[in-house]
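Content type PDB, C-alpha atoms, from the file start30.pdb:
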MODEL        1
ATOM      1  CA  MET X   1      14.404 -15.779 -19.780
ATOM      2  CA  SER X   2      17.477 -14.437 -21.594
ATOM      3  CA  ARG X   3      18.015 -10.742 -22.282
ATOM      4  CA  HIS X   4      17.579 -11.462 -25.993
ATOM      5  CA  ASN X   5      14.121 -12.892 -25.356
ATOM      6  CA  ASP X   6      13.240 -10.277 -22.746
ATOM      7  CA  PRO X   7      13.539  -6.914 -24.514
ATOM      8  CA  THR X   8      13.727  -3.564 -22.740
ATOM      9  CA  VAL X   9      10.363  -1.809 -22.586
ATOM     10  CA  LEU X  10      11.395   1.412 -20.839
ATOM     11  CA  SER X  11      14.494   3.111 -19.472
ATOM     12  CA  PHE X  12      13.503   5.805 -16.974
ATOM     13  CA  HIS X  13      16.314   7.531 -15.038
ATOM     14  CA  GLU X  14      17.761   4.701 -12.889
ATOM     15  CA  SER X  15      14.969   2.234 -13.694
ATOM     16  CA  LEU X  16      15.027  -0.315 -16.488
ATOM     17  CA  LEU X  17      11.872  -2.275 -17.232
ATOM     18  CA  ARG X  18      11.860  -5.385 -19.375
ATOM     19  CA  GLN X  19       8.955  -7.179 -20.980
ATOM     20  CA  SER X  20       8.844  -9.758 -18.174
ATOM     21  CA  ASP X  21       8.587  -6.980 -15.559
ATOM     22  CA  VAL X  22       5.703  -5.229 -17.287
ATOM     23  CA  ALA X  23       3.920  -8.576 -17.736
ATOM     24  CA  LEU X  24       3.614  -8.784 -13.952
ATOM     25  CA  LEU X  25       1.253  -5.808 -14.084
ATOM     26  CA  GLN X  26      -1.267  -7.888 -16.008
ATOM     27  CA  GLY X  27      -1.832  -9.885 -12.815
ATOM     28  CA  PRO X  28      -2.453 -11.848 -10.814
ATOM     29  CA  PHE X  29       1.261 -11.685 -10.013
ATOM     30  CA  TRP X  30       3.499 -10.485  -7.173
ATOM     31  CA  LEU X  31       5.257  -7.240  -8.150
ATOM     32  CA  ASN X  32       9.045  -7.448  -8.296
ATOM     33  CA  ASP X  33      11.773  -4.973  -7.310
ATOM     34  CA  HIS X  34      11.922  -3.464 -10.794
ATOM     35  CA  ILE X  35       8.270  -2.414 -10.935
ATOM     36  CA  ILE X  36       8.313  -1.053  -7.392
ATOM     37  CA  SER X  37      11.574   0.827  -8.032
ATOM     38  CA  PHE X  38      10.167   2.307 -11.216
ATOM     39  CA  TYR X  39       6.981   3.623  -9.651
ATOM     40  CA  LEU X  40       8.749   5.069  -6.606
ATOM     41  CA  GLU X  41      11.176   6.784  -8.967
ATOM     42  CA  TYR X  42       8.235   8.072 -10.998
ATOM     43  CA  LEU X  43       6.745   9.553  -7.811
ATOM     44  CA  ASP X  44      10.092  11.163  -7.026
ATOM     45  CA  MET X  45      10.907  12.501 -10.494
ATOM     46  CA  VAL X  46       7.444  13.420 -11.761
ATOM     47  CA  VAL X  47       4.631  13.528  -9.209
ATOM     48  CA  PHE X  48       6.660  15.129  -6.393
ATOM     49  CA  GLU X  49       9.555  16.534  -8.433
ATOM     50  CA  ASP X  50       9.475  19.928  -6.689
ATOM     51  CA  ASN X  51       9.417  18.521  -3.149
ATOM     52  CA  THR X  52      12.801  17.983  -1.508
ATOM     53  CA  ASP X  53      11.365  16.779   1.810
ATOM     54  CA  LEU X  54      10.501  13.320   0.454
ATOM     55  CA  LEU X  55      12.896  10.450  -0.151
ATOM     56  CA  PHE X  56      11.743   7.251  -1.842
ATOM     57  CA  ILE X  57      14.266   4.460  -1.258
ATOM     58  CA  SER X  58      14.348   1.705  -3.871
ATOM     59  CA  PRO X  59      13.743  -1.926  -2.853
ATOM     60  CA  GLU X  60      17.303  -2.733  -3.940
ATOM     61  CA  VAL X  61      18.834  -0.152  -1.602
ATOM     62  CA  THR X  62      16.467  -1.141   1.203
ATOM     63  CA  GLN X  63      17.585  -4.745   0.819
ATOM     64  CA  CYS X  64      21.239  -3.716   0.918
ATOM     65  CA  LEU X  65      20.605  -1.788   4.127
ATOM     66  CA  LYS X  66      19.106  -4.926   5.664
ATOM     67  CA  ILE X  67      22.162  -7.076   5.057
ATOM     68  CA  VAL X  68      25.164  -4.742   5.424
ATOM     69  CA  SER X  69      26.791  -3.847   8.718
ATOM     70  CA  GLU X  70      25.651  -0.717  10.497
ATOM     71  CA  ASN X  71      28.982   0.915   9.674
ATOM     72  CA  GLU X  72      28.285   0.528   5.952
ATOM     73  CA  ILE X  73      24.883   2.223   5.963
ATOM     74  CA  THR X  74      26.413   5.612   5.250
ATOM     75  CA  VAL X  75      27.624   4.335   1.856
ATOM     76  CA  PHE X  76      24.015   3.952   0.728
ATOM     77  CA  LEU X  77      22.207   6.763   2.520
ATOM     78  CA  GLU X  78      24.718   9.621   2.515
ATOM     79  CA  PRO X  79      24.556  10.147  -1.292
ATOM     80  CA  LEU X  80      20.762  10.414  -0.899
ATOM     81  CA  ASP X  81      21.085  13.086   1.821
ATOM     82  CA  ALA X  82      18.785  10.949   3.943
ATOM     83  CA  VAL X  83      19.554  12.655   7.268
ATOM     84  CA  ASN X  84      18.143  15.914   5.917
ATOM     85  CA  LYS X  85      14.892  14.478   4.543
ATOM     86  CA  SER X  86      11.642  14.919   6.428
ATOM     87  CA  PHE X  87       9.926  11.756   5.194
ATOM     88  CA  ILE X  88      11.655   8.584   4.015
ATOM     89  CA  PHE X  89       9.818   5.696   2.347
ATOM     90  CA  PHE X  90      11.284   2.176   2.592
ATOM     91  CA  PRO X  91       9.659  -0.744   0.718
ATOM     92  CA  LEU X  92      10.383  -3.809   2.843
ATOM     93  CA  ASN X  93      10.113  -7.465   2.026
ATOM     94  CA  ASP X  94      10.574 -10.542   4.183
ATOM     95  CA  ASN X  95      13.803 -11.685   2.532
ATOM     96  CA  ASP X  96      16.770 -11.498   4.900
ATOM     97  CA  GLN X  97      19.280 -13.061   2.537
ATOM     98  CA  ASP X  98      21.742 -11.681   0.023
ATOM     99  CA  LYS X  99      19.828 -13.067  -2.962
ATOM    100  CA  VAL X 100      16.550 -12.677  -4.805
ATOM    101  CA  GLY X 101      13.605 -13.846  -2.743
ATOM    102  CA  GLY X 102      10.854 -12.873  -0.375
ATOM    103  CA  SER X 103       7.114 -13.341  -0.462
ATOM    104  CA  HIS X 104       5.605 -10.199   1.073
ATOM    105  CA  TRP X 105       6.021  -6.419   0.708
ATOM    106  CA  SER X 106       5.161  -3.736   3.256
ATOM    107  CA  LEU X 107       5.984  -0.035   3.589
ATOM    108  CA  LEU X 108       7.955   1.650   6.356
ATOM    109  CA  VAL X 109       7.826   5.443   6.526
ATOM    110  CA  TYR X 110      10.117   7.527   8.726
ATOM    111  CA  SER X 111       8.694  10.889   9.771
ATOM    112  CA  LYS X 112      11.365  13.246  11.027
ATOM    113  CA  PRO X 113       8.878  15.922  12.194
ATOM    114  CA  GLU X 114       7.080  13.346  14.339
ATOM    115  CA  GLN X 115      10.256  11.427  15.272
ATOM    116  CA  ALA X 116       8.376   8.237  14.484
ATOM    117  CA  PHE X 117       8.310   5.276  12.133
ATOM    118  CA  TYR X 118       5.021   4.169  10.592
ATOM    119  CA  HIS X 119       4.592   0.641   9.266
ATOM    120  CA  PHE X 120       1.935   0.024   6.613
ATOM    121  CA  ASP X 121       1.439  -3.722   6.212
ATOM    122  CA  SER X 122      -1.514  -4.905   4.140
ATOM    123  CA  MET X 123      -1.160  -8.339   5.731
ATOM    124  CA  SER X 124      -0.256  -7.238   9.247
ATOM    125  CA  PRO X 125       1.650  -8.431  11.214
ATOM    126  CA  SER X 126       3.471 -10.446   8.517
ATOM    127  CA  ASN X 127       6.507  -8.151   8.274
ATOM    128  CA  GLU X 128       6.572  -6.900  11.864
ATOM    129  CA  VAL X 129       9.781  -8.713  12.866
ATOM    130  CA  HIS X 130      11.587  -7.628   9.679
ATOM    131  CA  CYS X 131      10.433  -4.044  10.222
ATOM    132  CA  GLU X 132      11.655  -3.876  13.813
ATOM    133  CA  LYS X 133      15.013  -5.377  12.866
ATOM    134  CA  PHE X 134      15.412  -2.875  10.031
ATOM    135  CA  ILE X 135      14.649   0.093  12.292
ATOM    136  CA  ARG X 136      17.265  -1.023  14.798
ATOM    137  CA  LYS X 137      19.767  -1.106  11.926
ATOM    138  CA  ILE X 138      19.134   2.432  10.596
ATOM    139  CA  LYS X 139      18.055   4.438  13.653
ATOM    140  CA  ASN X 140      21.536   5.575  14.655
ATOM    141  CA  TYR X 141      22.332   6.850  11.189
ATOM    142  CA  LEU X 142      19.098   8.859  11.194
ATOM    143  CA  ASN X 143      19.951  10.218  14.671
ATOM    144  CA  VAL X 144      16.832   8.720  16.217
ATOM    145  CA  ASP X 145      17.187   8.441  19.986
ATOM    146  CA  ALA X 146      13.931   6.939  21.215
ATOM    147  CA  VAL X 147      12.336   4.723  18.565
ATOM    148  CA  VAL X 148       8.607   5.199  18.160
ATOM    149  CA  LEU X 149       7.066   2.582  15.866
ATOM    150  CA  ARG X 150       3.427   2.999  14.998
ATOM    151  CA  ALA X 151       1.538   0.181  13.287
ATOM    152  CA  ALA X 152      -0.527   2.204  10.861
ATOM    153  CA  HIS X 153      -4.086   1.230  10.070
ATOM    154  CA  CYS X 154      -4.212   0.477   6.381
ATOM    155  CA  LEU X 155      -6.374  -1.350   3.908
ATOM    156  CA  ALA X 156      -5.906  -5.137   4.090
ATOM    157  CA  GLN X 157      -5.179  -7.020   0.898
ATOM    158  CA  THR X 158      -7.783  -9.525  -0.232
ATOM    159  CA  ASN X 159      -5.454 -11.944  -2.010
ATOM    160  CA  GLY X 160      -1.929 -13.312  -1.773
ATOM    161  CA  TYR X 161      -0.273 -11.294  -4.542
ATOM    162  CA  ASP X 162      -1.237  -7.607  -4.255
ATOM    163  CA  CYS X 163       1.094  -6.620  -1.393
ATOM    164  CA  GLY X 164       3.361  -4.685  -3.776
ATOM    165  CA  VAL X 165       0.378  -2.862  -5.239
ATOM    166  CA  HIS X 166      -0.655  -1.852  -1.723
ATOM    167  CA  VAL X 167       2.879  -0.568  -1.036
ATOM    168  CA  LEU X 168       2.722   1.704  -4.094
ATOM    169  CA  CYS X 169      -0.817   2.908  -3.368
ATOM    170  CA  ASN X 170       0.111   3.625   0.242
ATOM    171  CA  ALA X 171       3.339   5.407  -0.715
ATOM    172  CA  GLU X 172       1.575   7.766  -3.094
ATOM    173  CA  ASN X 173      -1.325   8.386  -0.722
ATOM    174  CA  ILE X 174       0.969   9.073   2.247
ATOM    175  CA  ALA X 175       3.199  11.355   0.190
ATOM    176  CA  HIS X 176       0.233  13.513  -0.832
ATOM    177  CA  HIS X 177      -0.889  13.622   2.804
ATOM    178  CA  VAL X 178       2.464  14.658   4.274
ATOM    179  CA  VAL X 179       2.963  17.344   1.627
ATOM    180  CA  SER X 180      -0.414  18.792   2.643
ATOM    181  CA  LYS X 181      -0.361  18.191   6.409
ATOM    182  CA  GLY X 182       3.316  17.963   7.363
ATOM    183  CA  SER X 183       2.869  14.668   9.207
ATOM    184  CA  VAL X 184       1.949  11.041   8.590
ATOM    185  CA  ASP X 185      -0.531  11.001  11.460
ATOM    186  CA  GLY X 186      -4.127  11.117  10.292
ATOM    187  CA  VAL X 187      -3.499   9.743   6.797
ATOM    188  CA  SER X 188      -6.575   8.069   5.357
ATOM    189  CA  LYS X 189      -6.632   4.506   4.096
ATOM    190  CA  VAL X 190      -6.333   3.874   0.396
ATOM    191  CA  THR X 191      -9.476   2.569  -1.242
ATOM    192  CA  ASN X 192     -10.162  -0.788  -2.836
ATOM    193  CA  ASP X 193     -10.826   1.053  -6.092
ATOM    194  CA  SER X 194      -7.367   2.661  -6.094
ATOM    195  CA  VAL X 195      -5.750  -0.725  -5.490
ATOM    196  CA  LYS X 196      -7.737  -2.280  -8.329
ATOM    197  CA  ARG X 197      -6.741   0.561 -10.695
ATOM    198  CA  MET X 198      -3.056   0.718  -9.828
ATOM    199  CA  ARG X 199      -1.778  -1.968 -12.198
ATOM    200  CA  ALA X 200      -3.593  -0.413 -15.165
ATOM    201  CA  ASP X 201      -2.480   3.066 -14.088
ATOM    202  CA  ILE X 202       1.177   1.990 -14.080
ATOM    203  CA  ILE X 203       0.824   0.427 -17.522
ATOM    204  CA  ASP X 204      -0.673   3.704 -18.787
ATOM    205  CA  ILE X 205       2.265   5.639 -17.310
ATOM    206  CA  ILE X 206       4.772   3.300 -18.944
ATOM    207  CA  ASN X 207       3.015   3.666 -22.298
ATOM    208  CA  LYS X 208       2.981   7.439 -21.958
ATOM    209  CA  LEU X 209       6.680   7.593 -21.076
ATOM    210  CA  GLN X 210       7.472   5.380 -24.069
ATOM    211  CA  THR X 211       5.799   7.837 -26.429
ATOM    212  CA  GLU X 212       7.765  10.728 -24.907
ATOM    213  CA  LYS X 213      11.132   9.106 -25.666
TER     214      LYS X 213
ENDMDL
END
Once you've parsed the file, please lay out its structure as structure tokens.
Amino acid sequence: MSRHNDPTVLSFHESLLRQSDVALLQGPFWLNDHIISFYLEYLDMVVFEDNTDLLFISPEVTQCLKIVSENEITVFLEPLDAVNKSFIFFPLNDNDQDKVGGSHWSLLVYSKPEQAFYHFDSMSPSNEVHCEKFIRKIKNYLNVDAVVLRAAHCLAQTNGYDCGVHVLCNAENIAHHVVSKGSVDGVSKVTNDSVKRMRADIIDIINKLQTEK
């Protein structure tokens, strides 16, 4: 679809949503980078705007980190002050190439207080290999000596297209938990109801932000 036939619906900080992106929220469709980037940015700029301990990495930056050399990681993470963040959220997909692709999303969370990585995969262990490879790539930059990877217990998806929805539900749920408790350990699972509501909730947020422009 050309830009002319795919008008901009919302420009929000670094996120730009087009009509084709928002249409994915109607389901049943796999969420793309743009929707996931937007909602993580919304969490950062609105829901947790006063909390400097959290860092939500966009899918685009996460993908770049997967494919660049270890020496180039600083180019992407230093401007985000990543080494000084307590909790970093990485949306991962199973695409290891320098082009659009992938078929499954999961969420990796680094907890500096616990010196551990937590992997939330709604179709575990689908992204396990990609997760482990990614951690090996970034651990030195984050000054992690002994890698502790914990496969977190999370709600399993019931279809083949809601992995991105689960990533967003998990990210928001975990963020609320760590702000309250100071650790990822002990976070509760998201509910089926929250997963079912998420698409409609994001559409409502987009509509609200449109009216505020």
Selection dump of the PyMOL selection byres ((chain X and resi 169) around 8), as a list in words: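 That expression, the PyMOL selection byres ((chain X and resi 169) around 8), corresponds here to Val165, His166, Val167, Leu168, Asn170, Ala171, Glu172, Asn173, Val190, Ser194, Val195 and Met198 of chain X.
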Close residues, Pro125 in chain X itself excluded, 12 Å, all atoms listed in the file, min 2 positions apart in chain, as a list in words: Asp94, His104, Trp105, Ser106, His119, Phe120, Asp121, Ser122, Met123, Asn127, Glu128, Val129, His130, Cys131, Glu132, Ala151, Ala152, His153, Cys154 and Ala156 of chain X
Atom pair CA of Phe12 in chain X / CA of Leu40 in chain X: separation (Å):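 Between CA of Phe12 in chain X and CA of Leu40 in chain X the gap works out to 11.4 Å.
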Residues selected by the PyMOL selection byres ((chain X and resi 41-45) around 9), written as a ChimeraX atom specification: /X:12-15,36-40,46-51,54-58,171-172,175
Produce a file of the selected residues containing C-alpha atoms, as a short mmCIF file (atom, residue, chain, number, x, y, z; two decimals), in the frame of the given file.
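Final output, saved to part-v1.cif:
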data_model
loop_
_atom_site.label_atom_id
_atom_site.label_comp_id
_atom_site.auth_asym_id
_atom_site.auth_seq_id
_atom_site.Cartn_x
_atom_site.Cartn_y
_atom_site.Cartn_z
CA PHE X 12 13.50 5.80 -16.97
CA HIS X 13 16.31 7.53 -15.04
CA GLU X 14 17.76 4.70 -12.89
CA SER X 15 14.97 2.23 -13.69
CA ILE X 36 8.31 -1.05 -7.39
CA SER X 37 11.57 0.83 -8.03
CA PHE X 38 10.17 2.31 -11.22
CA TYR X 39 6.98 3.62 -9.65
CA LEU X 40 8.75 5.07 -6.61
CA VAL X 46 7.44 13.42 -11.76
CA VAL X 47 4.63 13.53 -9.21
CA PHE X 48 6.66 15.13 -6.39
CA GLU X 49 9.56 16.53 -8.43
CA ASP X 50 9.48 19.93 -6.69
CA ASN X 51 9.42 18.52 -3.15
CA LEU X 54 10.50 13.32 0.45
CA LEU X 55 12.90 10.45 -0.15
CA PHE X 56 11.74 7.25 -1.84
CA ILE X 57 14.27 4.46 -1.26
CA SER X 58 14.35 1.70 -3.87
CA ALA X 171 3.34 5.41 -0.72
CA GLU X 172 1.58 7.77 -3.09
CA ALA X 175 3.20 11.36 0.19
#
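Put simply, the PyMOL selection byres ((chain X and resi 178-188) around 7) on this file hits X:Ser111, X:Pro113, X:Glu114, X:Ile174, X:Ala175, X:His176, X:His177, X:Lys189, X:Val190.
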Interatomic distance, CA of Val75 in chain X to CA of Gln63 in chain X (Å, one decimal):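 Value for the CA of Val75 in chain X-CA of Gln63 in chain X distance: 13.6 Å.
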Tell me which residues come within 9 Å of (14.5, 15.9, 1.7), as an mmCIF file with C-alpha atoms, in the coordinates of the input, counting only C-alpha atoms in the file's coordinates.
data_model
loop_
_atom_site.group_PDB
_atom_site.id
_atom_site.type_symbol
_atom_site.label_atom_id
_atom_site.label_comp_id
_atom_site.auth_asym_id
_atom_site.auth_seq_id
_atom_site.Cartn_x
_atom_site.Cartn_y
_atom_site.Cartn_z
ATOM 1 C CA ASN X 51 9.417 18.521 -3.149
ATOM 2 C CA THR X 52 12.801 17.983 -1.508
ATOM 3 C CA ASP X 53 11.365 16.779 1.810
ATOM 4 C CA LEU X 54 10.501 13.320 0.454
ATOM 5 C CA LEU X 55 12.896 10.450 -0.151
ATOM 6 C CA LEU X 80 20.762 10.414 -0.899
ATOM 7 C CA ASP X 81 21.085 13.086 1.821
ATOM 8 C CA ALA X 82 18.785 10.949 3.943
ATOM 9 C CA VAL X 83 19.554 12.655 7.268
ATOM 10 C CA ASN X 84 18.143 15.914 5.917
ATOM 11 C CA LYS X 85 14.892 14.478 4.543
ATOM 12 C CA SER X 86 11.642 14.919 6.428
ATOM 13 C CA PHE X 87 9.926 11.756 5.194
ATOM 14 C CA ILE X 88 11.655 8.584 4.015
#
Non-local contacts of Asp162 in chain X (8 Å; all atoms listed in the file; under 5 positions in same chain excluded) as a PyMOL selection string: chain X and resi 28-31+157
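Rounded to one decimal, CA of Ser103 in chain X and CA of Ser124 in chain X lie 13.6 Å from each other.
Counting all atoms listed in the file and comparing X:Leu209, X:Asp6, X:Thr74, X:Pro59, the residue that lies closest to Tyr141 in chain X is X:Thr74.
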Using all atoms listed in the file: which of X:Leu149, X:Leu17, X:Cys163, X:Ile138 has the shortest distance to Phe76 in chain X: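 Ranked by minimum distance to Phe76 in chain X, first place goes to X:Ile138.
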Counting all atoms listed in the file, the residue of X:Val22, X:Asp33, X:Lys66, X:Thr8 that sits nearest Ile135 in chain X: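 When distances to Ile135 in chain X are compared using all atoms listed in the file, the smallest one comes from X:Lys66.
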Among the residues X:Asn93, X:Thr191, X:Lys208, X:Gly164, the one that comes closest to Leu24 in chain X [using only C-alpha atoms]: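 Among X:Asn93, X:Thr191, X:Lys208, X:Gly164, it is X:Gly164 that comes nearest to Leu24 in chain X.
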Pull N, CA, C and O atoms for range 139-165 of chain X from the block and write them as a JSON list (two decimals), in the first residue's frame.
[["chain", "number", "residue", "atom", "x", "y", "z"],
["X", 139, "LYS", "N", 25.25, -8.57, 27.01],
["X", 139, "LYS", "CA", 25.62, -8.69, 28.43],
["X", 139, "LYS", "C", 26.86, -7.88, 28.79],
["X", 139, "LYS", "O", 26.93, -7.29, 29.88],
["X", 140, "ASN", "N", 27.84, -7.83, 27.91],
["X", 140, "ASN", "CA", 29.06, -7.09, 28.25],
["X", 140, "ASN", "C", 28.79, -5.60, 28.33],
["X", 140, "ASN", "O", 29.33, -4.91, 29.21],
["X", 141, "TYR", "N", 27.97, -5.09, 27.44],
["X", 141, "TYR", "CA", 27.65, -3.67, 27.50],
["X", 141, "TYR", "C", 26.93, -3.32, 28.80],
["X", 141, "TYR", "O", 27.17, -2.25, 29.38],
["X", 142, "LEU", "N", 26.08, -4.21, 29.27],
["X", 142, "LEU", "CA", 25.34, -3.97, 30.51],
["X", 142, "LEU", "C", 26.15, -4.33, 31.75],
["X", 142, "LEU", "O", 25.64, -4.26, 32.87],
["X", 143, "ASN", "N", 27.40, -4.74, 31.55],
["X", 143, "ASN", "CA", 28.30, -5.09, 32.66],
["X", 143, "ASN", "C", 27.75, -6.26, 33.49],
["X", 143, "ASN", "O", 27.83, -6.26, 34.73],
["X", 144, "VAL", "N", 27.20, -7.24, 32.78],
["X", 144, "VAL", "CA", 26.69, -8.43, 33.45],
["X", 144, "VAL", "C", 27.77, -9.50, 33.40],
["X", 144, "VAL", "O", 28.20, -9.92, 32.33],
["X", 145, "ASP", "N", 28.22, -9.94, 34.56],
["X", 145, "ASP", "CA", 29.28, -10.95, 34.62],
["X", 145, "ASP", "C", 28.72, -12.36, 34.43],
["X", 145, "ASP", "O", 28.99, -13.03, 33.46],
["X", 146, "ALA", "N", 27.96, -12.81, 35.40],
["X", 146, "ALA", "CA", 27.36, -14.14, 35.33],
["X", 146, "ALA", "C", 25.91, -14.00, 34.87],
["X", 146, "ALA", "O", 25.09, -13.40, 35.56],
["X", 147, "VAL", "N", 25.61, -14.54, 33.70],
["X", 147, "VAL", "CA", 24.25, -14.41, 33.15],
["X", 147, "VAL", "C", 23.30, -15.34, 33.86],
["X", 147, "VAL", "O", 23.52, -16.56, 33.94],
["X", 148, "VAL", "N", 22.24, -14.78, 34.39],
["X", 148, "VAL", "CA", 21.15, -15.57, 34.98],
["X", 148, "VAL", "C", 19.92, -15.33, 34.11],
["X", 148, "VAL", "O", 19.40, -14.22, 34.04],
["X", 149, "LEU", "N", 19.46, -16.37, 33.44],
["X", 149, "LEU", "CA", 18.27, -16.28, 32.60],
["X", 149, "LEU", "C", 17.16, -17.11, 33.23],
["X", 149, "LEU", "O", 17.32, -18.31, 33.45],
["X", 150, "ARG", "N", 16.07, -16.45, 33.52],
["X", 150, "ARG", "CA", 14.94, -17.12, 34.15],
["X", 150, "ARG", "C", 13.76, -17.15, 33.17],
["X", 150, "ARG", "O", 13.31, -16.11, 32.71],
["X", 151, "ALA", "N", 13.31, -18.36, 32.85],
["X", 151, "ALA", "CA", 12.13, -18.51, 32.00],
["X", 151, "ALA", "C", 10.90, -18.23, 32.85],
["X", 151, "ALA", "O", 10.52, -19.02, 33.71],
["X", 152, "ALA", "N", 10.33, -17.08, 32.66],
["X", 152, "ALA", "CA", 9.22, -16.65, 33.51],
["X", 152, "ALA", "C", 7.95, -17.40, 33.15],
["X", 152, "ALA", "O", 7.68, -17.70, 31.99],
["X", 153, "HIS", "N", 7.17, -17.69, 34.17],
["X", 153, "HIS", "CA", 5.87, -18.32, 33.94],
["X", 153, "HIS", "C", 4.89, -17.23, 33.54],
["X", 153, "HIS", "O", 4.66, -16.28, 34.28],
["X", 154, "CYS", "N", 4.34, -17.38, 32.34],
["X", 154, "CYS", "CA", 3.40, -16.37, 31.87],
["X", 154, "CYS", "C", 2.23, -17.04, 31.17],
["X", 154, "CYS", "O", 2.30, -18.21, 30.81],
["X", 155, "LEU", "N", 1.20, -16.27, 30.98],
["X", 155, "LEU", "CA", 0.00, -16.78, 30.32],
["X", 155, "LEU", "C", 0.34, -17.23, 28.90],
["X", 155, "LEU", "O", 1.01, -16.51, 28.16],
["X", 156, "ALA", "N", -0.13, -18.41, 28.51],
["X", 156, "ALA", "CA", 0.10, -18.92, 27.16],
["X", 156, "ALA", "C", -0.96, -18.38, 26.21],
["X", 156, "ALA", "O", -2.13, -18.25, 26.58],
["X", 157, "GLN", "N", -0.54, -18.05, 25.00],
["X", 157, "GLN", "CA", -1.50, -17.57, 24.02],
["X", 157, "GLN", "C", -2.34, -18.74, 23.51],
["X", 157, "GLN", "O", -1.90, -19.90, 23.51],
["X", 158, "THR", "N", -3.54, -18.44, 23.09],
["X", 158, "THR", "CA", -4.48, -19.49, 22.67],
["X", 158, "THR", "C", -4.69, -19.50, 21.16],
["X", 158, "THR", "O", -5.56, -20.21, 20.66],
["X", 159, "ASN", "N", -3.90, -18.70, 20.44],
["X", 159, "ASN", "CA", -4.01, -18.66, 18.99],
["X", 159, "ASN", "C", -2.63, -18.35, 18.40],
["X", 159, "ASN", "O", -1.65, -18.24, 19.15],
["X", 160, "GLY", "N", -2.55, -18.21, 17.11],
["X", 160, "GLY", "CA", -1.26, -18.01, 16.46],
["X", 160, "GLY", "C", -0.92, -16.57, 16.15],
["X", 160, "GLY", "O", 0.09, -16.32, 15.48],
["X", 161, "TYR", "N", -1.72, -15.61, 16.63],
["X", 161, "TYR", "CA", -1.49, -14.22, 16.22],
["X", 161, "TYR", "C", -1.42, -13.22, 17.38],
["X", 161, "TYR", "O", -1.16, -12.04, 17.14],
["X", 162, "ASP", "N", -1.65, -13.63, 18.60],
["X", 162, "ASP", "CA", -1.70, -12.68, 19.72],
["X", 162, "ASP", "C", -0.39, -12.54, 20.49],
["X", 162, "ASP", "O", -0.38, -11.98, 21.60],
["X", 163, "CYS", "N", 0.72, -13.02, 19.94],
["X", 163, "CYS", "CA", 1.99, -12.94, 20.68],
["X", 163, "CYS", "C", 2.36, -11.49, 20.99],
["X", 163, "CYS", "O", 2.82, -11.17, 22.09],
["X", 164, "GLY", "N", 2.16, -10.58, 20.04],
["X", 164, "GLY", "CA", 2.46, -9.18, 20.27],
["X", 164, "GLY", "C", 1.59, -8.56, 21.34],
["X", 164, "GLY", "O", 2.05, -7.73, 22.13],
["X", 165, "VAL", "N", 0.33, -8.96, 21.37],
["X", 165, "VAL", "CA", -0.58, -8.49, 22.42],
["X", 165, "VAL", "C", -0.09, -8.95, 23.78],
["X", 165, "VAL", "O", -0.10, -8.18, 24.75]]
